[in-house]
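**Student:** Handing over structure_25.pdb, PDB, N, CA and C atoms.
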```pdb
ATOM      1  N   MET A  59     108.807  44.262 137.476  1.00  0.00           N
ATOM      2  CA  MET A  59     108.716  45.667 137.816  1.00  0.00           C
ATOM      3  C   MET A  59     109.761  45.981 138.885  1.00  0.00           C
ATOM      4  N   ALA A  60     110.558  46.970 138.654  1.00  0.00           N
ATOM      5  CA  ALA A  60     111.651  47.314 139.553  1.00  0.00           C
ATOM      6  C   ALA A  60     111.199  48.273 140.653  1.00  0.00           C
ATOM      7  N   TYR A  61     112.034  48.377 141.650  1.00  0.00           N
ATOM      8  CA  TYR A  61     111.842  49.386 142.676  1.00  0.00           C
ATOM      9  C   TYR A  61     112.549  50.652 142.232  1.00  0.00           C
ATOM     10  N   ILE A  62     112.075  51.793 142.734  1.00  0.00           N
ATOM     11  CA  ILE A  62     112.568  53.104 142.337  1.00  0.00           C
ATOM     12  C   ILE A  62     112.961  53.863 143.596  1.00  0.00           C
ATOM     13  N   ILE A  63     114.084  54.552 143.527  1.00  0.00           N
ATOM     14  CA  ILE A  63     114.459  55.461 144.610  1.00  0.00           C
ATOM     15  C   ILE A  63     114.044  56.858 144.171  1.00  0.00           C
ATOM     16  N   ALA A  64     113.347  57.568 145.064  1.00  0.00           N
ATOM     17  CA  ALA A  64     112.760  58.862 144.711  1.00  0.00           C
ATOM     18  C   ALA A  64     113.294  59.998 145.594  1.00  0.00           C
ATOM     19  N   GLU A  65     112.627  61.112 145.511  1.00  0.00           N
ATOM     20  CA  GLU A  65     113.055  62.383 146.083  1.00  0.00           C
ATOM     21  C   GLU A  65     113.520  62.364 147.544  1.00  0.00           C
ATOM     22  N   PRO A  66     112.892  61.620 148.452  1.00  0.00           N
ATOM     23  CA  PRO A  66     113.356  61.678 149.843  1.00  0.00           C
ATOM     24  C   PRO A  66     114.821  61.260 150.046  1.00  0.00           C
ATOM     25  N   CYS A  67     115.393  60.558 149.085  1.00  0.00           N
ATOM     26  CA  CYS A  67     116.793  60.143 149.206  1.00  0.00           C
ATOM     27  C   CYS A  67     117.766  61.282 148.897  1.00  0.00           C
ATOM     28  N   ILE A  68     117.300  62.285 148.184  1.00  0.00           N
ATOM     29  CA  ILE A  68     118.193  63.374 147.773  1.00  0.00           C
ATOM     30  C   ILE A  68     118.841  64.010 148.994  1.00  0.00           C
ATOM     31  N   ASP A  69     120.153  64.085 148.929  1.00  0.00           N
ATOM     32  CA  ASP A  69     121.019  64.667 149.963  1.00  0.00           C
ATOM     33  C   ASP A  69     121.071  63.882 151.266  1.00  0.00           C
ATOM     34  N   LEU A  70     120.441  62.712 151.324  1.00  0.00           N
ATOM     35  CA  LEU A  70     120.532  61.878 152.516  1.00  0.00           C
ATOM     36  C   LEU A  70     121.577  60.778 152.304  1.00  0.00           C
ATOM     37  N   LYS A  71     121.383  59.998 151.257  1.00  0.00           N
ATOM     38  CA  LYS A  71     122.300  58.926 150.883  1.00  0.00           C
ATOM     39  C   LYS A  71     122.630  57.991 152.043  1.00  0.00           C
ATOM     40  N   ASP A  72     121.632  57.556 152.767  1.00  0.00           N
ATOM     41  CA  ASP A  72     121.800  56.525 153.782  1.00  0.00           C
ATOM     42  C   ASP A  72     121.983  55.197 153.042  1.00  0.00           C
ATOM     43  N   ALA A  73     122.992  54.439 153.377  1.00  0.00           N
ATOM     44  CA  ALA A  73     123.324  53.212 152.635  1.00  0.00           C
ATOM     45  C   ALA A  73     122.646  51.959 153.176  1.00  0.00           C
ATOM     46  N   SER A  74     121.641  52.088 154.002  1.00  0.00           N
ATOM     47  CA  SER A  74     120.958  50.911 154.533  1.00  0.00           C
ATOM     48  C   SER A  74     120.421  50.021 153.428  1.00  0.00           C
ATOM     49  N   CYS A  75     119.912  50.624 152.364  1.00  0.00           N
ATOM     50  CA  CYS A  75     119.365  49.851 151.249  1.00  0.00           C
ATOM     51  C   CYS A  75     120.449  49.046 150.545  1.00  0.00           C
ATOM     52  N   VAL A  76     121.618  49.618 150.417  1.00  0.00           N
ATOM     53  CA  VAL A  76     122.737  48.932 149.760  1.00  0.00           C
ATOM     54  C   VAL A  76     123.146  47.711 150.571  1.00  0.00           C
ATOM     55  N   ASP A  77     123.172  47.866 151.872  1.00  0.00           N
ATOM     56  CA  ASP A  77     123.612  46.786 152.750  1.00  0.00           C
ATOM     57  C   ASP A  77     122.726  45.549 152.683  1.00  0.00           C
ATOM     58  N   VAL A  78     121.428  45.722 152.400  1.00  0.00           N
ATOM     59  CA  VAL A  78     120.522  44.577 152.392  1.00  0.00           C
ATOM     60  C   VAL A  78     120.211  44.035 150.994  1.00  0.00           C
ATOM     61  N   CYS A  79     120.637  44.713 149.963  1.00  0.00           N
ATOM     62  CA  CYS A  79     120.320  44.283 148.594  1.00  0.00           C
ATOM     63  C   CYS A  79     121.077  42.998 148.247  1.00  0.00           C
ATOM     64  N   PRO A  80     120.358  41.912 147.958  1.00  0.00           N
ATOM     65  CA  PRO A  80     121.032  40.637 147.680  1.00  0.00           C
ATOM     66  C   PRO A  80     121.677  40.555 146.298  1.00  0.00           C
ATOM     67  N   VAL A  81     121.360  41.486 145.404  1.00  0.00           N
ATOM     68  CA  VAL A  81     121.922  41.428 144.046  1.00  0.00           C
ATOM     69  C   VAL A  81     122.780  42.639 143.706  1.00  0.00           C
ATOM     70  N   ASP A  82     123.053  43.493 144.667  1.00  0.00           N
ATOM     71  CA  ASP A  82     123.935  44.644 144.466  1.00  0.00           C
ATOM     72  C   ASP A  82     123.491  45.511 143.288  1.00  0.00           C
ATOM     73  N   CYS A  83     122.208  45.890 143.285  1.00  0.00           N
ATOM     74  CA  CYS A  83     121.690  46.699 142.169  1.00  0.00           C
ATOM     75  C   CYS A  83     121.474  48.163 142.544  1.00  0.00           C
ATOM     76  N   ILE A  84     121.947  48.583 143.722  1.00  0.00           N
ATOM     77  CA  ILE A  84     121.769  49.964 144.176  1.00  0.00           C
ATOM     78  C   ILE A  84     123.145  50.624 144.230  1.00  0.00           C
ATOM     79  N   HIS A  85     123.260  51.753 143.522  1.00  0.00           N
ATOM     80  CA  HIS A  85     124.580  52.382 143.387  1.00  0.00           C
ATOM     81  C   HIS A  85     124.488  53.899 143.438  1.00  0.00           C
ATOM     82  N   THR A  86     125.637  54.508 143.605  1.00  0.00           N
ATOM     83  CA  THR A  86     125.800  55.954 143.572  1.00  0.00           C
ATOM     84  C   THR A  86     127.272  56.246 143.338  1.00  0.00           C
ATOM     85  N   THR A  87     127.598  57.498 143.181  1.00  0.00           N
ATOM     86  CA  THR A  87     128.986  57.948 143.171  1.00  0.00           C
ATOM     87  C   THR A  87     129.106  59.044 144.217  1.00  0.00           C
ATOM     88  N   ASP A  88     130.323  59.445 144.533  1.00  0.00           N
ATOM     89  CA  ASP A  88     130.521  60.525 145.495  1.00  0.00           C
ATOM     90  C   ASP A  88     129.896  61.832 145.008  1.00  0.00           C
ATOM     91  N   GLU A  89     129.848  62.005 143.701  1.00  0.00           N
ATOM     92  CA  GLU A  89     129.319  63.240 143.124  1.00  0.00           C
ATOM     93  C   GLU A  89     127.792  63.282 143.109  1.00  0.00           C
ATOM     94  N   ASP A  90     127.140  62.133 143.156  1.00  0.00           N
ATOM     95  CA  ASP A  90     125.678  62.080 143.120  1.00  0.00           C
ATOM     96  C   ASP A  90     125.083  62.486 144.462  1.00  0.00           C
ATOM     97  N   ASN A  91     123.834  62.947 144.417  1.00  0.00           N
ATOM     98  CA  ASN A  91     123.178  63.352 145.656  1.00  0.00           C
ATOM     99  C   ASN A  91     122.136  62.343 146.132  1.00  0.00           C
ATOM    100  N   MET A  92     122.097  61.152 145.494  1.00  0.00           N
ATOM    101  CA  MET A  92     121.165  60.100 145.899  1.00  0.00           C
ATOM    102  C   MET A  92     121.650  58.757 145.364  1.00  0.00           C
ATOM    103  N   TYR A  93     120.951  57.688 145.756  1.00  0.00           N
ATOM    104  CA  TYR A  93     121.213  56.349 145.234  1.00  0.00           C
ATOM    105  C   TYR A  93     120.260  56.057 144.082  1.00  0.00           C
ATOM    106  N   TYR A  94     120.630  55.062 143.277  1.00  0.00           N
ATOM    107  CA  TYR A  94     119.829  54.659 142.123  1.00  0.00           C
ATOM    108  C   TYR A  94     119.725  53.138 142.090  1.00  0.00           C
ATOM    109  N   ILE A  95     118.570  52.628 141.653  1.00  0.00           N
ATOM    110  CA  ILE A  95     118.349  51.192 141.514  1.00  0.00           C
ATOM    111  C   ILE A  95     118.358  50.842 140.030  1.00  0.00           C
ATOM    112  N   HIS A  96     119.191  49.882 139.657  1.00  0.00           N
ATOM    113  CA  HIS A  96     119.242  49.439 138.265  1.00  0.00           C
ATOM    114  C   HIS A  96     117.998  48.599 137.975  1.00  0.00           C
ATOM    115  N   PRO A  97     117.149  49.045 137.047  1.00  0.00           N
ATOM    116  CA  PRO A  97     115.876  48.353 136.819  1.00  0.00           C
ATOM    117  C   PRO A  97     116.006  46.949 136.250  1.00  0.00           C
ATOM    118  N   ASP A  98     117.085  46.663 135.545  1.00  0.00           N
ATOM    119  CA  ASP A  98     117.267  45.331 134.975  1.00  0.00           C
ATOM    120  C   ASP A  98     117.904  44.354 135.960  1.00  0.00           C
ATOM    121  N   GLU A  99     118.565  44.864 136.974  1.00  0.00           N
ATOM    122  CA  GLU A  99     119.217  44.016 137.965  1.00  0.00           C
ATOM    123  C   GLU A  99     118.339  43.778 139.190  1.00  0.00           C
ATOM    124  N   CYS A 100     117.410  44.679 139.446  1.00  0.00           N
ATOM    125  CA  CYS A 100     116.520  44.561 140.605  1.00  0.00           C
ATOM    126  C   CYS A 100     115.641  43.320 140.445  1.00  0.00           C
ATOM    127  N   ILE A 101     115.586  42.502 141.499  1.00  0.00           N
ATOM    128  CA  ILE A 101     114.785  41.271 141.445  1.00  0.00           C
ATOM    129  C   ILE A 101     113.466  41.416 142.206  1.00  0.00           C
ATOM    130  N   ASP A 102     113.110  42.633 142.559  1.00  0.00           N
ATOM    131  CA  ASP A 102     111.837  42.930 143.218  1.00  0.00           C
ATOM    132  C   ASP A 102     111.668  42.199 144.544  1.00  0.00           C
ATOM    133  N   CYS A 103     112.745  42.024 145.272  1.00  0.00           N
ATOM    134  CA  CYS A 103     112.670  41.296 146.540  1.00  0.00           C
ATOM    135  C   CYS A 103     112.120  42.165 147.673  1.00  0.00           C
ATOM    136  N   ALA A 104     112.176  43.492 147.506  1.00  0.00           N
ATOM    137  CA  ALA A 104     111.676  44.454 148.485  1.00  0.00           C
ATOM    138  C   ALA A 104     112.505  44.540 149.759  1.00  0.00           C
ATOM    139  N   ALA A 105     113.675  43.958 149.788  1.00  0.00           N
ATOM    140  CA  ALA A 105     114.510  44.021 150.990  1.00  0.00           C
ATOM    141  C   ALA A 105     114.907  45.455 151.339  1.00  0.00           C
ATOM    142  N   CYS A 106     115.056  46.285 150.329  1.00  0.00           N
ATOM    143  CA  CYS A 106     115.496  47.663 150.543  1.00  0.00           C
ATOM    144  C   CYS A 106     114.403  48.557 151.124  1.00  0.00           C
ATOM    145  N   ASP A 107     113.184  48.289 150.785  1.00  0.00           N
ATOM    146  CA  ASP A 107     112.062  49.150 151.140  1.00  0.00           C
ATOM    147  C   ASP A 107     111.923  49.382 152.644  1.00  0.00           C
ATOM    148  N   PRO A 108     111.840  48.355 153.477  1.00  0.00           N
ATOM    149  CA  PRO A 108     111.612  48.603 154.912  1.00  0.00           C
ATOM    150  C   PRO A 108     112.800  49.214 155.655  1.00  0.00           C
ATOM    151  N   VAL A 109     114.002  49.151 155.101  1.00  0.00           N
ATOM    152  CA  VAL A 109     115.161  49.697 155.810  1.00  0.00           C
ATOM    153  C   VAL A 109     115.442  51.151 155.470  1.00  0.00           C
ATOM    154  N   CYS A 110     114.764  51.687 154.471  1.00  0.00           N
ATOM    155  CA  CYS A 110     114.974  53.086 154.093  1.00  0.00           C
ATOM    156  C   CYS A 110     114.432  54.002 155.196  1.00  0.00           C
ATOM    157  N   PRO A 111     115.288  54.847 155.779  1.00  0.00           N
ATOM    158  CA  PRO A 111     114.841  55.680 156.904  1.00  0.00           C
ATOM    159  C   PRO A 111     113.921  56.837 156.512  1.00  0.00           C
ATOM    160  N   VAL A 112     113.820  57.127 155.200  1.00  0.00           N
ATOM    161  CA  VAL A 112     113.006  58.263 154.768  1.00  0.00           C
ATOM    162  C   VAL A 112     111.908  57.877 153.770  1.00  0.00           C
ATOM    163  N   THR A 113     111.636  56.596 153.635  1.00  0.00           N
ATOM    164  CA  THR A 113     110.605  56.098 152.716  1.00  0.00           C
ATOM    165  C   THR A 113     110.815  56.666 151.313  1.00  0.00           C
ATOM    166  N   ALA A 114     111.995  56.427 150.771  1.00  0.00           N
ATOM    167  CA  ALA A 114     112.334  56.913 149.428  1.00  0.00           C
ATOM    168  C   ALA A 114     112.232  55.825 148.372  1.00  0.00           C
ATOM    169  N   ILE A 115     111.966  54.585 148.778  1.00  0.00           N
ATOM    170  CA  ILE A 115     111.973  53.458 147.844  1.00  0.00           C
ATOM    171  C   ILE A 115     110.552  52.957 147.638  1.00  0.00           C
ATOM    172  N   PHE A 116     110.183  52.844 146.364  1.00  0.00           N
ATOM    173  CA  PHE A 116     108.824  52.453 146.001  1.00  0.00           C
ATOM    174  C   PHE A 116     108.844  51.413 144.904  1.00  0.00           C
ATOM    175  N   GLU A 117     107.894  50.494 144.937  1.00  0.00           N
ATOM    176  CA  GLU A 117     107.663  49.650 143.785  1.00  0.00           C
ATOM    177  C   GLU A 117     107.158  50.603 142.694  1.00  0.00           C
ATOM    178  N   GLU A 118     107.590  50.386 141.470  1.00  0.00           N
ATOM    179  CA  GLU A 118     107.270  51.324 140.401  1.00  0.00           C
ATOM    180  C   GLU A 118     105.774  51.640 140.324  1.00  0.00           C
ATOM    181  N   SER A 119     104.934  50.646 140.488  1.00  0.00           N
ATOM    182  CA  SER A 119     103.488  50.864 140.391  1.00  0.00           C
ATOM    183  C   SER A 119     102.929  51.669 141.571  1.00  0.00           C
ATOM    184  N   ASP A 120     103.686  51.780 142.671  1.00  0.00           N
ATOM    185  CA  ASP A 120     103.244  52.525 143.848  1.00  0.00           C
ATOM    186  C   ASP A 120     103.908  53.893 143.981  1.00  0.00           C
ATOM    187  N   LEU A 121     104.733  54.243 143.025  1.00  0.00           N
ATOM    188  CA  LEU A 121     105.445  55.518 143.073  1.00  0.00           C
ATOM    189  C   LEU A 121     104.443  56.675 142.971  1.00  0.00           C
ATOM    190  N   PRO A 122     104.502  57.634 143.905  1.00  0.00           N
ATOM    191  CA  PRO A 122     103.594  58.781 143.810  1.00  0.00           C
ATOM    192  C   PRO A 122     103.768  59.504 142.470  1.00  0.00           C
ATOM    193  N   THR A 123     102.677  59.939 141.914  1.00  0.00           N
ATOM    194  CA  THR A 123     102.675  60.562 140.588  1.00  0.00           C
ATOM    195  C   THR A 123     103.649  61.724 140.485  1.00  0.00           C
ATOM    196  N   GLU A 124     103.749  62.517 141.529  1.00  0.00           N
ATOM    197  CA  GLU A 124     104.638  63.685 141.474  1.00  0.00           C
ATOM    198  C   GLU A 124     106.111  63.301 141.371  1.00  0.00           C
ATOM    199  N   TRP A 125     106.427  62.048 141.627  1.00  0.00           N
ATOM    200  CA  TRP A 125     107.814  61.584 141.519  1.00  0.00           C
ATOM    201  C   TRP A 125     108.013  60.633 140.342  1.00  0.00           C
ATOM    202  N   SER A 126     107.096  60.607 139.415  1.00  0.00           N
ATOM    203  CA  SER A 126     107.189  59.668 138.287  1.00  0.00           C
ATOM    204  C   SER A 126     108.444  59.872 137.450  1.00  0.00           C
ATOM    205  N   HIS A 127     108.993  61.076 137.437  1.00  0.00           N
ATOM    206  CA  HIS A 127     110.225  61.318 136.670  1.00  0.00           C
ATOM    207  C   HIS A 127     111.432  60.568 137.255  1.00  0.00           C
ATOM    208  N   PHE A 128     111.312  60.069 138.487  1.00  0.00           N
ATOM    209  CA  PHE A 128     112.401  59.297 139.080  1.00  0.00           C
ATOM    210  C   PHE A 128     112.553  57.917 138.426  1.00  0.00           C
ATOM    211  N   ILE A 129     111.524  57.458 137.722  1.00  0.00           N
ATOM    212  CA  ILE A 129     111.652  56.202 136.975  1.00  0.00           C
ATOM    213  C   ILE A 129     112.764  56.353 135.942  1.00  0.00           C
ATOM    214  N   ALA A 130     112.717  57.416 135.168  1.00  0.00           N
ATOM    215  CA  ALA A 130     113.754  57.670 134.154  1.00  0.00           C
ATOM    216  C   ALA A 130     115.099  57.986 134.809  1.00  0.00           C
ATOM    217  N   LEU A 131     115.089  58.713 135.922  1.00  0.00           N
ATOM    218  CA  LEU A 131     116.356  59.026 136.590  1.00  0.00           C
ATOM    219  C   LEU A 131     117.074  57.761 137.045  1.00  0.00           C
ATOM    220  N   ASN A 132     116.342  56.795 137.571  1.00  0.00           N
ATOM    221  CA  ASN A 132     116.957  55.528 137.984  1.00  0.00           C
ATOM    222  C   ASN A 132     117.402  54.729 136.763  1.00  0.00           C
ATOM    223  N   ARG A 133     116.536  54.628 135.770  1.00  0.00           N
ATOM    224  CA  ARG A 133     116.829  53.834 134.568  1.00  0.00           C
ATOM    225  C   ARG A 133     117.997  54.402 133.776  1.00  0.00           C
ATOM    226  N   ASP A 134     118.077  55.722 133.660  1.00  0.00           N
ATOM    227  CA  ASP A 134     119.055  56.358 132.782  1.00  0.00           C
ATOM    228  C   ASP A 134     120.257  56.943 133.511  1.00  0.00           C
ATOM    229  N   TRP A 135     120.447  56.579 134.781  1.00  0.00           N
ATOM    230  CA  TRP A 135     121.588  57.104 135.534  1.00  0.00           C
ATOM    231  C   TRP A 135     122.875  56.825 134.771  1.00  0.00           C
ATOM    232  N   PRO A 136     123.705  57.834 134.524  1.00  0.00           N
ATOM    233  CA  PRO A 136     124.940  57.631 133.747  1.00  0.00           C
ATOM    234  C   PRO A 136     125.894  56.616 134.344  1.00  0.00           C
ATOM    235  N   GLY A 137     125.801  56.350 135.621  1.00  0.00           N
ATOM    236  CA  GLY A 137     126.682  55.371 136.265  1.00  0.00           C
ATOM    237  C   GLY A 137     126.490  53.941 135.787  1.00  0.00           C
ATOM    238  N   TRP A 138     125.357  53.665 135.130  1.00  0.00           N
ATOM    239  CA  TRP A 138     125.123  52.304 134.633  1.00  0.00           C
ATOM    240  C   TRP A 138     126.027  51.982 133.456  1.00  0.00           C
ATOM    241  N   GLU A 139     126.495  53.005 132.739  1.00  0.00           N
ATOM    242  CA  GLU A 139     127.384  52.750 131.605  1.00  0.00           C
ATOM    243  C   GLU A 139     128.671  52.097 132.091  1.00  0.00           C
ATOM    244  N   GLY A 140     129.040  51.033 131.457  1.00  0.00           N
ATOM    245  CA  GLY A 140     130.278  50.359 131.823  1.00  0.00           C
ATOM    246  C   GLY A 140     130.157  49.394 132.992  1.00  0.00           C
ATOM    247  N   ARG A 141     128.960  49.228 133.527  1.00  0.00           N
ATOM    248  CA  ARG A 141     128.769  48.275 134.622  1.00  0.00           C
ATOM    249  C   ARG A 141     128.466  46.918 134.066  1.00  0.00           C
TER     250      ARG A 141
END
```
If you convert what's in this file into structure tokens, what do you get?

**Tutor:**
Amino acid sequence: MAYIIAEPCIDLKDASCVDVCPVDCIHTTDEDNMYYIHPDECIDCAACDPVCPVTAIFEESDLPTEWSHFIALNRDWPGWEGR
């Protein structure tokens, strides 16, 4: 089960999570308004969770229901193509 980045990350884009990720599975582009976690690359280590300054990172099973659409947003982010 992967970790998910949700709504609190929008327009913040603090890179603390990227800095601690041991498998480099968190990405964004300059045009995006948040970061995304690749669900197949995430090893569920939880290193990103405690460093997020806005509590935007959740284990998929703990994601608040109102943000459940962020599962698809992380999984289907167009930036994964060609990676």

**Student:** Using the chain letters and numbers from this file, what does the PyMOL selection byres ((chain A and resi 82) around 8) select? Give the answer as a compact mmCIF listing (two decimals) with N, CA and C atoms, in the frame of the given file.

**Tutor:**
```
# COMPACT_ATOMS: atom_id res chain seq x y z
N VAL A 76 121.62 49.62 150.42
CA VAL A 76 122.74 48.93 149.76
C VAL A 76 123.15 47.71 150.57
N VAL A 78 121.43 45.72 152.40
CA VAL A 78 120.52 44.58 152.39
C VAL A 78 120.21 44.04 150.99
N CYS A 79 120.64 44.71 149.96
CA CYS A 79 120.32 44.28 148.59
C CYS A 79 121.08 43.00 148.25
N PRO A 80 120.36 41.91 147.96
CA PRO A 80 121.03 40.64 147.68
C PRO A 80 121.68 40.56 146.30
N VAL A 81 121.36 41.49 145.40
CA VAL A 81 121.92 41.43 144.05
C VAL A 81 122.78 42.64 143.71
N CYS A 83 122.21 45.89 143.28
CA CYS A 83 121.69 46.70 142.17
C CYS A 83 121.47 48.16 142.54
N ILE A 84 121.95 48.58 143.72
CA ILE A 84 121.77 49.96 144.18
C ILE A 84 123.14 50.62 144.23
N HIS A 85 123.26 51.75 143.52
CA HIS A 85 124.58 52.38 143.39
C HIS A 85 124.49 53.90 143.44
N ILE A 95 118.57 52.63 141.65
CA ILE A 95 118.35 51.19 141.51
C ILE A 95 118.36 50.84 140.03
N HIS A 96 119.19 49.88 139.66
CA HIS A 96 119.24 49.44 138.26
C HIS A 96 118.00 48.60 137.98
N GLU A 99 118.56 44.86 136.97
CA GLU A 99 119.22 44.02 137.96
C GLU A 99 118.34 43.78 139.19
N CYS A 100 117.41 44.68 139.45
CA CYS A 100 116.52 44.56 140.60
C CYS A 100 115.64 43.32 140.44
```

**Student:** Determine, counting only N, CA and C atoms, which protein, DNA and RNA residues have an atom within 6.5 Å of an atom of range 110-118 of chain A; residues of the same chain fewer than 3 positions away are not included. Present the result as a list of chain:residue names.

**Tutor:**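 Once the adjacent positions are removed, what remains is A:Met59, A:Ala60, A:Tyr61, A:Ile62, A:Ile63, A:Ala64, A:Glu65, A:Pro66, A:Cys67, A:Ser74, A:Cys75, A:Cys106, A:Asp107, A:Leu121.
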
**Student:** Counting only C-alpha atoms, find residues at most 12 Å from (129.9, 62.3, 148.9) (file frame) and give them as a count of residues only.

**Tutor:** 14

**Student:** One decimal, Å: what's the distance from CA of Ser119 in chain A over to atom C of Pro97 in chain A, could you say?

**Tutor:**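 So the answer is 13.8 Å.
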
**Student:** Kindly list the centre and edge lengths in Å, rounded to one decimal, for the axis-aligned box that covers all listed atoms of range 84-88 of chain A plus 5 Å on each of its six sides, as lines of an AutoDock Vina configuration file.

**Tutor:**
```
center_x = 126.1
center_y = 55.2
center_z = 144.3
size_x = 18.8
size_y = 23.2
size_z = 12.3
```

**Student:** Quick check, in Å to one decimal: how far apart do CA of Asn132 in chain A and CA of Val109 in chain A lie?

**Tutor:**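 Value for the CA of Asn132 in chain A-CA of Val109 in chain A distance: 18.8 Å.
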
**Student:** Can you list, as a list in words, every residue of chain A that DSSP puts in strand (DSSP E)?

**Tutor:**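 Listing strand (DSSP E) positions across chain A yields Tyr61, Ile62, Ile63, Ile84, His85, Tyr94, Ile95, Ile115, Phe116 and Glu117 of chain A.
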
**Student:** Report as a compact mmCIF listing (two decimals) with N, CA and C atoms, keeping the file's coordinate frame: the residues of chain A with a DSSP assignment of helix (DSSP H, G or I), based on the backbone of this structure.

**Tutor:**
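What ended up in part-v7.txt:
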```
# COMPACT_ATOMS: atom_id res chain seq x y z
N GLU A 65 112.63 61.11 145.51
CA GLU A 65 113.06 62.38 146.08
C GLU A 65 113.52 62.36 147.54
N PRO A 66 112.89 61.62 148.45
CA PRO A 66 113.36 61.68 149.84
C PRO A 66 114.82 61.26 150.05
N CYS A 67 115.39 60.56 149.08
CA CYS A 67 116.79 60.14 149.21
C CYS A 67 117.77 61.28 148.90
N SER A 74 121.64 52.09 154.00
CA SER A 74 120.96 50.91 154.53
C SER A 74 120.42 50.02 153.43
N CYS A 75 119.91 50.62 152.36
CA CYS A 75 119.36 49.85 151.25
C CYS A 75 120.45 49.05 150.54
N VAL A 76 121.62 49.62 150.42
CA VAL A 76 122.74 48.93 149.76
C VAL A 76 123.15 47.71 150.57
N ASP A 77 123.17 47.87 151.87
CA ASP A 77 123.61 46.79 152.75
C ASP A 77 122.73 45.55 152.68
N VAL A 78 121.43 45.72 152.40
CA VAL A 78 120.52 44.58 152.39
C VAL A 78 120.21 44.04 150.99
N ASP A 107 113.18 48.29 150.78
CA ASP A 107 112.06 49.15 151.14
C ASP A 107 111.92 49.38 152.64
N PRO A 108 111.84 48.36 153.48
CA PRO A 108 111.61 48.60 154.91
C PRO A 108 112.80 49.21 155.66
N VAL A 109 114.00 49.15 155.10
CA VAL A 109 115.16 49.70 155.81
C VAL A 109 115.44 51.15 155.47
N GLU A 118 107.59 50.39 141.47
CA GLU A 118 107.27 51.32 140.40
C GLU A 118 105.77 51.64 140.32
N SER A 119 104.93 50.65 140.49
CA SER A 119 103.49 50.86 140.39
C SER A 119 102.93 51.67 141.57
N ASP A 120 103.69 51.78 142.67
CA ASP A 120 103.24 52.52 143.85
C ASP A 120 103.91 53.89 143.98
N THR A 123 102.68 59.94 141.91
CA THR A 123 102.68 60.56 140.59
C THR A 123 103.65 61.72 140.49
N GLU A 124 103.75 62.52 141.53
CA GLU A 124 104.64 63.68 141.47
C GLU A 124 106.11 63.30 141.37
N TRP A 125 106.43 62.05 141.63
CA TRP A 125 107.81 61.58 141.52
C TRP A 125 108.01 60.63 140.34
N HIS A 127 108.99 61.08 137.44
CA HIS A 127 110.22 61.32 136.67
C HIS A 127 111.43 60.57 137.26
N PHE A 128 111.31 60.07 138.49
CA PHE A 128 112.40 59.30 139.08
C PHE A 128 112.55 57.92 138.43
N ILE A 129 111.52 57.46 137.72
CA ILE A 129 111.65 56.20 136.98
C ILE A 129 112.76 56.35 135.94
N ALA A 130 112.72 57.42 135.17
CA ALA A 130 113.75 57.67 134.15
C ALA A 130 115.10 57.99 134.81
N LEU A 131 115.09 58.71 135.92
CA LEU A 131 116.36 59.03 136.59
C LEU A 131 117.07 57.76 137.04
N ASN A 132 116.34 56.80 137.57
CA ASN A 132 116.96 55.53 137.98
C ASN A 132 117.40 54.73 136.76
N ARG A 133 116.54 54.63 135.77
CA ARG A 133 116.83 53.83 134.57
C ARG A 133 118.00 54.40 133.78
N PRO A 136 123.70 57.83 134.52
CA PRO A 136 124.94 57.63 133.75
C PRO A 136 125.89 56.62 134.34
N GLY A 137 125.80 56.35 135.62
CA GLY A 137 126.68 55.37 136.26
C GLY A 137 126.49 53.94 135.79
N TRP A 138 125.36 53.66 135.13
CA TRP A 138 125.12 52.30 134.63
C TRP A 138 126.03 51.98 133.46
```

**Student:** Quote the spacing between CA of Arg141 in chain A and CA of Trp125 in chain A in Å to one decimal place.

**Tutor:**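 Computing it gives 25.8 Å between the two atoms.
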